[in-house]
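Trainee: So here's target22.cif (mmCIF, C-alpha atoms).
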```
data_final
#
loop_
_atom_site.group_PDB
_atom_site.id
_atom_site.type_symbol
_atom_site.label_atom_id
_atom_site.label_comp_id
_atom_site.auth_asym_id
_atom_site.auth_seq_id
_atom_site.Cartn_x
_atom_site.Cartn_y
_atom_site.Cartn_z
ATOM 1 C CA ASP A 1 29.305 10.505 19.935
ATOM 2 C CA LEU A 2 28.214 12.155 23.163
ATOM 3 C CA PRO A 3 29.107 10.610 26.496
ATOM 4 C CA GLY A 4 26.374 8.433 28.009
ATOM 5 C CA THR A 5 25.173 10.749 30.747
ATOM 6 C CA SER A 6 21.898 10.125 32.559
ATOM 7 C CA LEU A 7 20.370 13.190 30.858
ATOM 8 C CA ILE A 8 21.265 11.914 27.389
ATOM 9 C CA THR A 9 20.028 8.420 28.232
ATOM 10 C CA ALA A 10 16.712 9.802 29.497
ATOM 11 C CA GLU A 11 16.268 11.957 26.395
ATOM 12 C CA LYS A 12 17.081 9.034 24.114
ATOM 13 C CA THR A 13 14.483 6.903 25.916
ATOM 14 C CA ARG A 14 11.886 9.661 25.591
ATOM 15 C CA LEU A 15 12.550 10.142 21.882
ATOM 16 C CA LEU A 16 12.436 6.409 21.168
ATOM 17 C CA SER A 17 9.099 6.186 22.977
ATOM 18 C CA GLN A 18 7.705 9.089 20.946
ATOM 19 C CA HIS A 19 8.934 7.473 17.743
ATOM 20 C CA ALA A 20 7.254 4.168 18.643
ATOM 21 C CA ALA A 21 4.002 6.003 19.456
ATOM 22 C CA ALA A 22 4.126 7.735 16.068
ATOM 23 C CA GLN A 23 4.723 4.371 14.380
ATOM 24 C CA GLU A 24 1.708 2.913 16.203
ATOM 25 C CA THR A 25 -0.481 5.805 15.032
ATOM 26 C CA TRP A 26 0.685 5.302 11.441
ATOM 27 C CA LEU A 27 0.033 1.560 11.702
ATOM 28 C CA ASP A 28 -3.450 2.203 13.145
ATOM 29 C CA ALA A 29 -4.287 4.259 10.066
ATOM 30 C CA ARG A 30 -2.998 1.563 7.730
ATOM 31 C CA LEU A 31 -4.934 -1.119 9.601
ATOM 32 C CA GLU A 32 -8.089 0.976 9.310
ATOM 33 C CA LEU A 33 -7.496 1.089 5.558
ATOM 34 C CA GLY A 34 -7.326 -2.706 5.473
ATOM 35 C CA HIS A 35 -3.577 -3.037 4.865
ATOM 36 C CA HIS A 36 -3.185 -5.729 7.508
ATOM 37 C CA ARG A 37 -0.951 -7.990 5.388
ATOM 38 C CA GLU A 38 1.341 -5.179 4.354
ATOM 39 C CA VAL A 39 1.923 -3.882 7.893
ATOM 40 C CA LEU A 40 2.562 -7.248 9.564
ATOM 41 C CA PRO A 41 6.376 -7.034 9.175
ATOM 42 C CA GLU A 42 6.432 -3.494 10.582
ATOM 43 C CA ILE A 43 4.288 -4.467 13.561
ATOM 44 C CA ARG A 44 6.445 -7.512 14.240
ATOM 45 C CA ASP A 45 9.528 -5.277 14.208
ATOM 46 C CA LEU A 46 7.867 -2.828 16.608
ATOM 47 C CA VAL A 47 6.914 -5.621 19.026
ATOM 48 C CA ALA A 48 10.398 -7.116 18.825
ATOM 49 C CA ALA A 49 11.989 -3.736 19.562
ATOM 50 C CA ASP A 50 9.772 -3.114 22.595
ATOM 51 C CA PRO A 51 7.800 -6.153 23.780
ATOM 52 C CA LEU A 52 6.133 -4.135 26.544
ATOM 53 C CA ARG A 53 4.087 -1.906 24.170
ATOM 54 C CA GLU A 54 0.609 -3.349 24.595
ATOM 55 C CA HIS A 55 -0.897 -1.358 21.743
ATOM 56 C CA ALA A 56 1.631 -2.812 19.314
ATOM 57 C CA TRP A 57 0.672 -6.310 20.495
ATOM 58 C CA ALA A 58 -3.013 -5.474 19.941
ATOM 59 C CA GLN A 59 -2.138 -4.279 16.446
ATOM 60 C CA LEU A 60 -0.257 -7.519 15.782
ATOM 61 C CA MET A 61 -3.203 -9.578 16.998
ATOM 62 C CA LEU A 62 -5.591 -7.588 14.822
ATOM 63 C CA ALA A 63 -3.433 -7.909 11.706
ATOM 64 C CA LEU A 64 -2.941 -11.639 12.214
ATOM 65 C CA TYR A 65 -6.645 -12.166 12.843
ATOM 66 C CA ARG A 66 -7.597 -10.248 9.719
ATOM 67 C CA CYS A 67 -5.119 -12.355 7.739
ATOM 68 C CA GLY A 68 -7.030 -15.433 8.893
ATOM 69 C CA ASP A 69 -4.419 -16.501 11.451
ATOM 70 C CA THR A 70 -6.535 -16.801 14.602
ATOM 71 C CA PRO A 71 -4.046 -19.188 16.293
ATOM 72 C CA GLY A 72 -1.243 -16.721 15.539
ATOM 73 C CA ALA A 73 -3.248 -13.873 17.062
ATOM 74 C CA LEU A 74 -3.877 -15.889 20.236
ATOM 75 C CA SER A 75 -0.219 -16.889 20.345
ATOM 76 C CA ALA A 76 0.723 -13.203 20.141
ATOM 77 C CA PHE A 77 -1.541 -12.543 23.121
ATOM 78 C CA ALA A 78 0.176 -15.312 25.094
ATOM 79 C CA ARG A 79 3.618 -13.888 24.261
ATOM 80 C CA ALA A 80 2.490 -10.388 25.254
ATOM 81 C CA ARG A 81 1.058 -11.663 28.532
ATOM 82 C CA ALA A 82 4.299 -13.522 29.306
ATOM 83 C CA ALA A 83 6.431 -10.435 28.580
ATOM 84 C CA LEU A 84 4.234 -8.215 30.744
ATOM 85 C CA LYS A 85 4.164 -10.717 33.619
ATOM 86 C CA ALA A 86 7.943 -11.142 33.480
ATOM 87 C CA GLU A 87 8.555 -7.386 33.560
ATOM 88 C CA TYR A 88 5.679 -5.984 35.623
ATOM 89 C CA ARG A 89 4.270 -9.065 37.350
ATOM 90 C CA ALA A 90 0.901 -8.041 35.936
ATOM 91 C CA GLY A 91 -1.278 -9.204 33.110
ATOM 92 C CA PRO A 92 -2.347 -7.318 30.019
ATOM 93 C CA GLY A 93 -4.495 -4.226 30.183
ATOM 94 C CA PRO A 94 -8.059 -3.814 28.916
ATOM 95 C CA GLU A 95 -7.110 -3.139 25.288
ATOM 96 C CA LEU A 96 -5.257 -6.407 24.885
ATOM 97 C CA ASP A 97 -7.875 -8.356 26.843
ATOM 98 C CA GLU A 98 -10.630 -6.965 24.631
ATOM 99 C CA MET A 99 -8.722 -7.909 21.497
ATOM 100 C CA ARG A 100 -8.262 -11.435 22.859
ATOM 101 C CA ARG A 101 -12.012 -11.711 23.494
ATOM 102 C CA TRP A 102 -12.813 -10.588 19.934
ATOM 103 C CA VAL A 103 -10.375 -13.089 18.470
ATOM 104 C CA GLN A 104 -11.599 -15.944 20.682
ATOM 105 C CA GLN A 105 -15.199 -15.273 19.741
ATOM 106 C CA ALA A 106 -14.100 -15.453 16.090
ATOM 107 C CA GLY A 107 -16.359 -12.550 15.307
ATOM 108 C CA PRO A 108 -15.538 -9.567 13.153
ATOM 109 C CA VAL A 109 -13.052 -7.198 14.745
ATOM 110 C CA PRO A 110 -14.310 -3.659 14.200
ATOM 111 C CA LEU A 111 -12.197 -0.981 12.590
ATOM 112 C CA THR A 112 -12.589 1.113 15.711
ATOM 113 C CA GLY A 113 -12.559 0.115 19.334
ATOM 114 C CA PRO A 114 -10.021 -0.408 22.082
ATOM 115 C CA ALA A 115 -7.203 -1.148 19.646
ATOM 116 C CA PHE A 116 -7.671 2.273 18.058
ATOM 117 C CA ALA A 117 -8.836 4.341 21.005
ATOM 118 C CA SER A 118 -6.950 7.509 21.733
ATOM 119 C CA PRO A 119 -5.462 7.734 25.188
ATOM 120 C CA PRO A 120 -7.645 9.704 27.631
#
```
As structure tokens, what does this structure read like?
Mentor:
Amino acid sequence: DLPGTSLITAEKTRLLSQHAAAQETWLDARLELGHHREVLPEIRDLVAADPLREHAWAQLMLALYRCGDTPGALSAFARARAALKAEYRAGPGPELDEMRRWVQQAGPVPLTGPAFASPP
């Protein structure tokens, strides 16, 4: 019930970003354990809440691919690319591009790699 000052708005944005990053880390762990079907709803919610989080899109692509939905994974990439172009006028970064390549090659997506790399 605090007034919407710029300081409060900035802090809220920061905390929401930290929360989303923590969710992504938790989802990475669950994906590594092979729980791709179980986490799909959570990843979809995360992407819907913030469509500019590239790592969440990579997680969605990975989960869909591991569920046998290659077209869905490629569709997720297209939606991510469209969201990023609309907002930033730029395409996806290396993590998302690498995930797209893995999915297009229809090869096994490793448990580790760009989708699970820690930020430098």
Trainee: Could you tell me which residues the PyMOL selection byres ((chain A and resi 73-81) around 6) returns for this structure, as a list in words?
Mentor: Met61, Leu64, Tyr65, Thr70, Pro71, Gly72, Ala82, Ala83, Leu84, Gly91 and Pro92 of chain A
Trainee: Next, the residues of the selection above should be written as a CSV table (one decimal), keeping the file's coordinate frame with C-alpha atoms.
Mentor:
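result.csv, written as the output of this step:
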```
chain,number,residue,atom,x,y,z
A,61,MET,CA,-3.2,-9.6,17.0
A,64,LEU,CA,-2.9,-11.6,12.2
A,65,TYR,CA,-6.6,-12.2,12.8
A,70,THR,CA,-6.5,-16.8,14.6
A,71,PRO,CA,-4.0,-19.2,16.3
A,72,GLY,CA,-1.2,-16.7,15.5
A,82,ALA,CA,4.3,-13.5,29.3
A,83,ALA,CA,6.4,-10.4,28.6
A,84,LEU,CA,4.2,-8.2,30.7
A,91,GLY,CA,-1.3,-9.2,33.1
A,92,PRO,CA,-2.3,-7.3,30.0
```
Trainee: For region 13-21 of chain A, list every protein, DNA or RNA residue within 12 Å, evaluated using only C-alpha atoms, and leave out those in the same chain fewer than 5 positions away; present the list as a ChimeraX atom specification.
Mentor: /A:6-8,26-28,42-43,45-56,118-119
Trainee: Given only C-alpha atoms as the basis, pick out the residue of A:Leu40, A:Arg30, A:Pro3, A:Ala58 nearest to Glu98 (chain A).
Mentor: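 The shortest atom-to-atom distance to Glu98 (chain A) comes from A:Ala58.
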Trainee: Rounded to one decimal place, report the CA of Lys85 (chain A)-CA of Asp97 (chain A) distance in Å.
Mentor: 14.0 Å
Trainee: Rank A:Glu24, A:Ala90, A:Lys12, A:Thr5 by their smallest atom-to-atom distance to Gln59 (chain A), using all atoms listed in the file, and report the top residue only.
Mentor: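 Nearest candidate to Gln59 (chain A) out of A:Glu24, A:Ala90, A:Lys12, A:Thr5: A:Glu24.
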Trainee: With distances taken over all atoms listed in the file, which of A:Gly4, A:Ala10, A:Leu96, A:Gly34 is nearest to Arg66 (chain A)?
Mentor: A:Gly34
Trainee: For a test of reading the model, state the distance in Å between CA of Asp69 (chain A) and CA of Tyr88 (chain A), rounded to one decimal.
Mentor: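 Taking CA of Asp69 (chain A) and CA of Tyr88 (chain A), their separation equals 28.2 Å.
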Trainee: Between CA of Arg37 (chain A) and CA of Gly93 (chain A), what is the distance, to one decimal in Å?
Mentor: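 Interatomic distance, CA of Arg37 (chain A) to CA of Gly93 (chain A): 25.3 Å.
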Trainee: Could you check the closest approach to His36 (chain A) for each of A:Ala86, A:Met99, A:Ala106, A:Cys67 and tell me which residue wins, using only C-alpha atoms?
Mentor: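 Selected residue with least distance to His36 (chain A): A:Cys67.
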